[in-house]
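Colleague: Structure provided below as structure tokens; questions to follow.
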Amino acid sequence: MTFRLHLSLLLMLGCWFFIHPAVAEQIDTTIVNYKDPKKYKVAALEINGTQFLDKNIIRSLTGIKIGEDISIPGDEITKCIKNLWKQGLFGNVKIYADKFVGDSVYLAIDVLEKPRLNEITIKGVKKSEGDDLKKKLEVMKGKPLTDALKLNIKNTIADHYEDKSYLHPVINVVEKKDEGLINSMSVIVNIDKGSKVKIDDLIFLGRVNGEITKMRKVMKDTRERSKVELRVPDGRSRKQKAKDALYTLANLNYTSTGDFFLERFRITFKGSKFNERKYEDDKQKLIDYYNNNGFRDAKITADTVIDNENGNVTIVIQLDEGHKYYFRDIVFKGNSKFPTETLQRVLNIKKGDVYNAELLQKRLTMDQDGGDVSSLYYDDGYLFFNINPVETAVENDSIDLEIRINEGPQATIKNVIIEGNNKTNEHVIRRELRTFPGDKFSRSDLIRSQREIANLGFFDPQETKVEPIPNPTDGTVDIKYTVKEKSADQVELSAGWGGKEGGLIGTLGLKFNNFSLRNIFNKKAWSPLPTGDGQQLTIRVESNGRAYQNYNFSFTEPWLGGKKPNAFTFAAFRSRIQDIVDKDVLGKQITNGLSVSLATRLKKPDDFFIVQASGNYYGYSLTTFRNRYFVDNVALDSGKFNNLNFKISLSRNSINQPVFPTGGAKIEVSVQFTPPYSLFRKDNNFDGKTVAEKYKLIEYHKWKFSVDWYQQLGKSKLVLRTAAKFGFLGTFNKKIGITPFERFEVGGNGIPSNVTLFGTDIIAHRGYEGAYSSTGGDPIYNKFLLELRYPFSLNPSATIYGLAFFEAANTYTTFKDYNPFKLKKSVGLGVRAILPMFGLIGIDYGIRFDSANGSPIKASNGFFDYIGKNGNISFILGFEPE
């Protein structure tokens with residue numbers, strides 16, 4: 001005999017509870033009495049109808065546990081139904097007793113899952129905007145299409161447009177059943193984003209001491225709408241009388257001449273989109289501005305965003321500036337390592353200075369350049385050092401500070417951990433570090449190590465992280481370096497057919513910056529070449545048909561011997577230039593060169609210094625080379641010339657990163673010289689001798705000096721580069737005179753052209769044509785450069801930045817003619833892209849201020865596309881010109 005529970009109460013709960021007919025014969029007497037509920041032990045709880053949801057999770061949501069006693073009827077069943085419904089995951093829920101066996105009940109729950117979200121279609125906006133929204137909504141696909149999910153879709157879209165200042169978008173989500181798919185639903189999202197909300201006016205009430213120009217500047221993301229408006233003291237907009245009154249209250253006084261004129265004659269051309277999140281941040285920046293100018297109690301007592309009839313807003317900020325405070329007595333307590341006088345000198349805040357909380361924190365702990373009190377301790381191993389400024393007295397307008405110091409013990413480096421180098425061998429990184437196990441901890445050593453890793457060029461400098469991991473129990477610290485590999489190799493490739501007298505035209509250049517010579521015979525290390533040891537291998541071949549061929553090879557081992565930073569370089573090249581007329585070779589120049597150099601890093605005055613010595617040989621062979629160079633009006637067209645020279649250079653390089661430097665400088669001085677052959681000759685009479693005989697053994701001494709300095713401008717992304725360069729070529733014997741070899745030519749982008757002869761230094765000078773002189777250039781040059789750079793992208797896959805430049809340069813024949821103020825000047829704009837496989841690619845447009853006529857700066861074709869009367873464009877590929 002089967003008894004069913006009364007249905008009316010359970011229908012109110014949105015479910016069914018009954019005894020399944022199939023098991024009726026197994027139950028003899030089971031009576032459900034609502035007036036007298038009975039306790040049953042739950043023997044089983046079956047879940048039926050699920051497709052995606054886990055049955056165990058659904059069981060946990062019911063609140064009913066197998067083995068526990070429940071009342072039938074009772075609150076447990078009611079709570080079970082409520083728990084399942086409030087999840088919003090089901091379209092129908094049915095609970096029933098499958099059977100009763102003695103005091104046990106076998107429960108079953110049938111559920112119908114809500115359909116899953118399949119596709120999202122965006123309508124009403126541009127395709128690009130729709131694609132951006134789909135990316136943000138992608139995580140919602142596959143979830144049950146509940147009311148909460150649809151609300152989440154709306155909120156995500158609304159937040160997206162709120163960041164873009166569309167504050168009132170209308171969003172409608174329409175469900176669409178997917179034909180042919182079971183339990184699946186798609187949605188169509190119709191969007192009317194409306195208009196951008198802009199800021200018509202930004203009004204400050206209660207302003208007495210704050211300068212309007214600076215207040216608006218610090219609120220850089222909350223700017224007034226662009227306008228050209230004449231403002232007079234007694235009113236600003238005839239249509240908005242209420243706002244006129246607010247303006248009058250806000251601007252009764254002017255703290256600077258700029259404020260006075262700003263309120264009367266204001267022309268602004270800045271973005272004015274209203275963004276509530278950025279507005280909240282800007283309010284704090286406004287308070288920080290007051291705090292940093294002595295008003296430590298300044299606060300915003302009220303602020304209102306007023307909706308205007310045109311859909312824009314007016315912002316009114318009520319200020320309470322408070323009193324202006326000054327530093328009075330500052331004392332240090334707890335310092336034993338450094339005397340108070342030293343700490344006060346580093347702090348550099350004197351009695352009577354305007355109170356500035358930001359400056360105080362910077363001088364104590366937050367100076368990026370290391371000029372703070374904390375750096376003194378961190379650089380001497382005091383990793384557990386702590387400093388805390390406490391205001392001990394505030395009287396009238398003066399504040400006394402007690403700076404409490406807990407020096408703690410000196411920390412010793414225990415382990416140095418390197419992670420992320422999946423291609424570069426660990427020893428290549430480790431040898432560049434300044435932190436070693438057993439050494440005292442030093443923050444400056446960490447910063448220097450990070451710089452050296454960046455300068456390797458194998459890792460993304462933005463992703464290189466240094467993390468000290470203190471071990472307070474034993475007073476040690478582990479240092480963890482995390483790097484991210486980037487492509488360091490470069491390829492230069494161009495090809496064609498034609499050129500002078502026909503033939504293959506092209507360039508193939510391969511530069512491997514992380515090469516491994518020791519693995520060259522290890523087949524497993526080739527991927528596609530053996531890498532990881534930080535060596536540099538360069539191979540370059542150029543051809544311009546029969547007229548010109550050039551072959552270059554170089555190899556550098558930066559740590560010769562593996563124990564000290566002794567960089568060894570071997571290089572060789574061969575070039576051939578042929579003078580071809582009507583397919584006949586009338587003359588040619590062949591140049592062969594070899595170079596061996598060794599550079600080492602010095603320890604004193606500091607280890608930024610590098611000294612380098614090299615031995616070089618260049619052999620020139622000319623055969624009836626028509627009218628190329630002239631010496632004393634005699635053509636230098638045939639002969640063999642030998643240039644055996646030695647070069648010594650001393651440089652100091654503190655540039656923080658090679659790709660886009662933001663700080664540091666590189667200074668270099670060098671001398672290059674040949675043996676003074678003429679001083680050892682018995683016969684120094686060159687009368688009657690040919691030019692080829694006179695210069696068979698080339699002799700000279702060549703001096704060069706350069707300085708390149710980078711500085712980031714404040715907190716902006718702008719970087720200022722300043723540079724100065726000087727070169728001088730001298731002779732050992734006045735009877736011979738200055739050699740036509742190794743001179744200086746100025747002009748163009750600094751890339752030597754195919755017809756550049758005899759080791760001439762090509763000095764870049766944008767805005768002037770490429771240099772080519774029949775005398776081989778001049779023996780003296782000067783150049784000065786100012787360059788302002790702005791990064792568009794610092795992504796290692798494509799570092800891109802723009803620049804504006806001013807440069808001035810010239811060459812001189814003698815020191816009598818030398819005048820560092822007699823320069824050819826130019827200005828211009830340019831852009832650079834550093835691509836991992838191709839290196840540097842750039843384009844500049846320069847405008848010259850001075851005529852090149854009658855100047856040592858000559859015009860030629862070279863690598864330039866000349867545009868207009870006063871400018872040219874230079875294309876730069878492969879390296880940054882001097």
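Starting from 1 in every chain, residues are counted up; chains themselves are A, B, ... following the order of the structure tokens, and ligands are numbered from 1 as listed.
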Excluding Tyr818 of chain A and any residue of its chain fewer than 6 positions from it, enumerate the residues within 12 Å of it, using only C-alpha atoms, and give them as a list of chain:residue names.
Modeller: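 Contacts, with the query itself left out: A:Phe726, A:Gly727, A:Phe728, A:Asp778, A:Pro779, A:Ile780, A:Tyr781, A:Asn782, A:Ala809, A:Asn810, A:Thr811, A:Tyr812.
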Colleague: I need the residues from that last selection saved to file as a compact mmCIF listing (two decimals), in the first residue's frame (with all heavy atoms), if you can.
Modeller:
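Output (selection-v1.txt):
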# COMPACT_ATOMS: atom_id res chain seq x y z
N PHE A 726 84.70 64.89 -30.48
CA PHE A 726 85.82 65.64 -31.05
C PHE A 726 86.82 64.64 -31.62
O PHE A 726 87.05 63.56 -31.05
CB PHE A 726 86.49 66.49 -29.98
CG PHE A 726 87.79 67.11 -30.41
CD1 PHE A 726 87.81 68.25 -31.19
CD2 PHE A 726 89.01 66.53 -30.05
CE1 PHE A 726 89.01 68.82 -31.60
CE2 PHE A 726 90.21 67.09 -30.44
CZ PHE A 726 90.21 68.24 -31.22
N GLY A 727 87.44 64.99 -32.75
CA GLY A 727 88.45 64.14 -33.34
C GLY A 727 89.56 64.96 -33.96
O GLY A 727 89.32 66.05 -34.50
N PHE A 728 90.79 64.44 -33.88
CA PHE A 728 91.95 65.14 -34.44
C PHE A 728 92.92 64.12 -35.03
O PHE A 728 93.22 63.09 -34.41
CB PHE A 728 92.67 65.96 -33.35
CG PHE A 728 94.06 66.38 -33.72
CD1 PHE A 728 94.28 67.30 -34.75
CD2 PHE A 728 95.16 65.87 -33.05
CE1 PHE A 728 95.57 67.68 -35.09
CE2 PHE A 728 96.45 66.25 -33.38
CZ PHE A 728 96.66 67.16 -34.40
N ASP A 778 88.68 65.87 -43.63
CA ASP A 778 89.54 66.82 -42.94
C ASP A 778 90.08 66.20 -41.67
O ASP A 778 89.50 65.24 -41.13
CB ASP A 778 88.75 68.10 -42.63
CG ASP A 778 88.51 68.93 -43.88
OD1 ASP A 778 89.47 69.14 -44.63
OD2 ASP A 778 87.36 69.34 -44.10
N PRO A 779 91.15 66.75 -41.12
CA PRO A 779 91.79 66.12 -39.95
C PRO A 779 91.18 66.49 -38.60
O PRO A 779 91.59 65.93 -37.59
CB PRO A 779 93.24 66.61 -40.04
CG PRO A 779 93.15 67.91 -40.77
CD PRO A 779 92.01 67.78 -41.73
N ILE A 780 90.22 67.43 -38.56
CA ILE A 780 89.64 67.85 -37.28
C ILE A 780 88.12 67.91 -37.44
O ILE A 780 87.62 68.36 -38.48
CB ILE A 780 90.17 69.22 -36.84
CG1 ILE A 780 91.70 69.21 -36.76
CG2 ILE A 780 89.59 69.62 -35.48
CD1 ILE A 780 92.30 70.59 -36.55
N TYR A 781 87.40 67.48 -36.42
CA TYR A 781 85.95 67.66 -36.44
C TYR A 781 85.43 67.87 -35.02
O TYR A 781 86.05 67.49 -34.03
CB TYR A 781 85.26 66.45 -37.09
CG TYR A 781 84.83 65.37 -36.12
CD1 TYR A 781 83.53 65.32 -35.62
CD2 TYR A 781 85.73 64.39 -35.70
CE1 TYR A 781 83.14 64.33 -34.74
CE2 TYR A 781 85.35 63.39 -34.82
CZ TYR A 781 84.05 63.37 -34.34
OH TYR A 781 83.67 62.39 -33.46
N ASN A 782 84.26 68.48 -34.95
CA ASN A 782 83.52 68.71 -33.71
C ASN A 782 82.05 68.41 -33.96
O ASN A 782 81.52 68.69 -35.03
CB ASN A 782 83.66 70.15 -33.25
CG ASN A 782 84.32 70.27 -31.88
OD1 ASN A 782 84.91 71.26 -31.58
ND2 ASN A 782 84.22 69.24 -31.06
N ALA A 809 77.67 70.44 -36.17
CA ALA A 809 78.96 69.80 -36.42
C ALA A 809 79.68 70.51 -37.55
O ALA A 809 79.08 71.26 -38.34
CB ALA A 809 78.76 68.32 -36.77
N ASN A 810 80.99 70.27 -37.63
CA ASN A 810 81.79 70.81 -38.73
C ASN A 810 83.15 70.12 -38.73
O ASN A 810 83.55 69.49 -37.74
CB ASN A 810 81.96 72.32 -38.60
CG ASN A 810 82.09 72.99 -39.97
OD1 ASN A 810 82.36 72.32 -40.97
ND2 ASN A 810 81.91 74.30 -40.00
N THR A 811 83.86 70.25 -39.85
CA THR A 811 85.23 69.77 -39.94
C THR A 811 86.14 70.95 -40.26
O THR A 811 85.69 71.97 -40.80
CB THR A 811 85.38 68.70 -41.02
OG1 THR A 811 85.03 69.26 -42.29
CG2 THR A 811 84.52 67.49 -40.73
N TYR A 812 87.43 70.79 -39.95
CA TYR A 812 88.39 71.88 -40.11
C TYR A 812 89.69 71.30 -40.67
O TYR A 812 90.08 70.16 -40.34
CB TYR A 812 88.65 72.58 -38.78
CG TYR A 812 87.39 72.91 -38.02
CD1 TYR A 812 86.83 72.00 -37.12
CD2 TYR A 812 86.74 74.13 -38.20
CE1 TYR A 812 85.66 72.30 -36.44
CE2 TYR A 812 85.59 74.44 -37.50
CZ TYR A 812 85.04 73.52 -36.63
OH TYR A 812 83.89 73.81 -35.94
Colleague: Considering only C-alpha atoms, state which residue in the set A:Gly206, A:Gly475, A:Pro470, A:Gly759 is at the smallest distance from Asn592 of chain A.
Modeller: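 Smallest separation from Asn592 of chain A among the options: A:Gly759.
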Colleague: Can you tell me, as a compact mmCIF listing (two decimals) with N, CA, C and O atoms, in the first residue's frame, what residues are no more than 7 Å from segment 329-336 of chain A when counting only C-alpha atoms, ignoring any on the same chain fewer than 4 positions away?
Modeller:
# COMPACT_ATOMS: atom_id res chain seq x y z
N THR A 340 74.98 61.17 13.82
CA THR A 340 73.83 62.00 13.50
C THR A 340 74.15 63.03 12.43
O THR A 340 73.32 63.33 11.57
N LYS A 351 65.77 73.27 9.56
CA LYS A 351 64.77 73.96 10.37
C LYS A 351 64.24 75.16 9.59
O LYS A 351 65.00 75.96 9.06
N ASP A 400 57.92 69.13 15.15
CA ASP A 400 59.15 68.47 15.57
C ASP A 400 59.06 66.99 15.20
O ASP A 400 58.00 66.36 15.34
N LEU A 401 60.18 66.44 14.72
CA LEU A 401 60.24 65.04 14.33
C LEU A 401 61.31 64.30 15.12
O LEU A 401 62.38 64.83 15.38
N GLU A 402 60.98 63.07 15.48
CA GLU A 402 61.95 62.14 16.03
C GLU A 402 62.03 60.96 15.07
O GLU A 402 61.04 60.26 14.86
N ILE A 403 63.19 60.76 14.48
CA ILE A 403 63.37 59.68 13.50
C ILE A 403 64.00 58.51 14.23
O ILE A 403 65.18 58.54 14.61
N ARG A 404 63.19 57.48 14.42
CA ARG A 404 63.60 56.33 15.21
C ARG A 404 64.16 55.24 14.30
O ARG A 404 63.52 54.83 13.33
N ILE A 405 65.35 54.78 14.64
CA ILE A 405 66.07 53.82 13.81
C ILE A 405 66.31 52.54 14.57
O ILE A 405 66.75 52.55 15.72
N ASN A 406 65.98 51.43 13.93
CA ASN A 406 66.34 50.11 14.44
C ASN A 406 67.29 49.50 13.42
O ASN A 406 66.87 49.04 12.36
N GLU A 407 68.58 49.51 13.72
CA GLU A 407 69.58 49.11 12.73
C GLU A 407 69.56 47.62 12.47
O GLU A 407 69.71 47.18 11.33
Colleague: As an MDAnalysis selection string, which residues of segment 579-763 of chain A does DSSP assign to alpha helix (DSSP H)?
Modeller: chainID A and resid 677:680 691:694
Colleague: Could you write out the selected residues, including all heavy atoms, as an mmCIF file, in the first residue's frame?
Modeller:
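Contents of the output file again-v2.cif:
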data_model
loop_
_atom_site.group_PDB
_atom_site.id
_atom_site.type_symbol
_atom_site.label_atom_id
_atom_site.label_comp_id
_atom_site.auth_asym_id
_atom_site.auth_seq_id
_atom_site.Cartn_x
_atom_site.Cartn_y
_atom_site.Cartn_z
ATOM 1 N N TYR A 677 107.407 55.807 -39.037
ATOM 2 C CA TYR A 677 108.430 55.306 -39.963
ATOM 3 C C TYR A 677 109.410 56.398 -40.404
ATOM 4 O O TYR A 677 110.621 56.164 -40.498
ATOM 5 C CB TYR A 677 107.757 54.705 -41.211
ATOM 6 C CG TYR A 677 106.789 53.591 -40.921
ATOM 7 C CD1 TYR A 677 105.415 53.783 -41.043
ATOM 8 C CD2 TYR A 677 107.255 52.338 -40.528
ATOM 9 C CE1 TYR A 677 104.527 52.762 -40.787
ATOM 10 C CE2 TYR A 677 106.362 51.302 -40.263
ATOM 11 C CZ TYR A 677 104.996 51.519 -40.398
ATOM 12 O OH TYR A 677 104.122 50.504 -40.132
ATOM 13 N N SER A 678 108.890 57.579 -40.706
ATOM 14 C CA SER A 678 109.744 58.637 -41.283
ATOM 15 C C SER A 678 110.827 59.093 -40.307
ATOM 16 O O SER A 678 111.862 59.614 -40.723
ATOM 17 C CB SER A 678 108.888 59.828 -41.702
ATOM 18 O OG SER A 678 108.252 60.407 -40.575
ATOM 19 N N LEU A 679 110.605 58.918 -39.013
ATOM 20 C CA LEU A 679 111.608 59.344 -38.031
ATOM 21 C C LEU A 679 112.819 58.410 -38.019
ATOM 22 O O LEU A 679 113.865 58.760 -37.483
ATOM 23 C CB LEU A 679 110.982 59.416 -36.633
ATOM 24 C CG LEU A 679 109.820 60.407 -36.456
ATOM 25 C CD1 LEU A 679 109.342 60.408 -35.016
ATOM 26 C CD2 LEU A 679 110.233 61.811 -36.875
ATOM 27 N N PHE A 680 112.647 57.207 -38.600
ATOM 28 C CA PHE A 680 113.741 56.243 -38.609
ATOM 29 C C PHE A 680 114.387 56.124 -39.989
ATOM 30 O O PHE A 680 115.360 55.391 -40.144
ATOM 31 C CB PHE A 680 113.234 54.866 -38.156
ATOM 32 C CG PHE A 680 112.605 54.887 -36.808
ATOM 33 C CD1 PHE A 680 111.231 54.754 -36.664
ATOM 34 C CD2 PHE A 680 113.378 55.054 -35.661
ATOM 35 C CE1 PHE A 680 110.648 54.775 -35.419
ATOM 36 C CE2 PHE A 680 112.792 55.073 -34.414
ATOM 37 C CZ PHE A 680 111.423 54.944 -34.278
ATOM 38 N N VAL A 691 103.189 60.012 -55.117
ATOM 39 C CA VAL A 691 102.315 59.954 -53.942
ATOM 40 C C VAL A 691 102.264 58.541 -53.387
ATOM 41 O O VAL A 691 102.251 58.317 -52.166
ATOM 42 C CB VAL A 691 100.902 60.454 -54.310
ATOM 43 C CG1 VAL A 691 99.954 60.274 -53.136
ATOM 44 C CG2 VAL A 691 100.951 61.898 -54.748
ATOM 45 N N ALA A 692 102.269 57.565 -54.260
ATOM 46 C CA ALA A 692 102.228 56.174 -53.813
ATOM 47 C C ALA A 692 103.463 55.821 -53.012
ATOM 48 O O ALA A 692 103.390 55.093 -52.009
ATOM 49 C CB ALA A 692 102.087 55.247 -55.019
ATOM 50 N N GLU A 693 104.634 56.333 -53.424
ATOM 51 C CA GLU A 693 105.863 56.073 -52.681
ATOM 52 C C GLU A 693 105.861 56.806 -51.346
ATOM 53 O O GLU A 693 106.361 56.302 -50.331
ATOM 54 C CB GLU A 693 107.068 56.505 -53.523
ATOM 55 C CG GLU A 693 107.292 55.635 -54.754
ATOM 56 C CD GLU A 693 108.397 56.178 -55.642
ATOM 57 O OE1 GLU A 693 108.592 57.422 -55.662
ATOM 58 O OE2 GLU A 693 109.043 55.381 -56.309
ATOM 59 N N LYS A 694 105.294 58.004 -51.355
ATOM 60 C CA LYS A 694 105.284 58.836 -50.145
ATOM 61 C C LYS A 694 104.443 58.199 -49.038
ATOM 62 O O LYS A 694 104.794 58.267 -47.844
ATOM 63 C CB LYS A 694 104.753 60.214 -50.511
ATOM 64 C CG LYS A 694 104.844 61.249 -49.406
ATOM 65 C CD LYS A 694 104.362 62.588 -49.918
ATOM 66 C CE LYS A 694 104.450 63.676 -48.859
ATOM 67 N NZ LYS A 694 103.974 64.985 -49.374
#
Colleague: Quick check, in Å to one decimal: how far apart do atom CA of Tyr289 of chain A and atom CA of Pro791 of chain A lie?
Modeller: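 One can read the atom CA of Tyr289 of chain A to atom CA of Pro791 of chain A distance as 27.3 Å.
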Colleague: From a DSSP pass on the backbone, collect the residues of segment 291-333 of chain A flagged as strand (DSSP E or B) and hand them back as a list in words.
Modeller: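 Here is the list: Lys299, Ile300, Thr301, Ala302, Asp303, Thr304, Val305, Ile306, Asp307, Val313, Thr314, Ile315, Val316, Ile317, Gln318, Leu319, Asp320, Tyr326, Phe327, Arg328, Asp329, Ile330, Val331, Phe332 and Lys333 of chain A.
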Colleague: At what distance in Å, to one decimal, does atom CA of Thr556 of chain A lie from atom CA of Gly532 of chain A?
Modeller: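 One can read the atom CA of Gly532 of chain A to atom CA of Thr556 of chain A distance as 13.8 Å.
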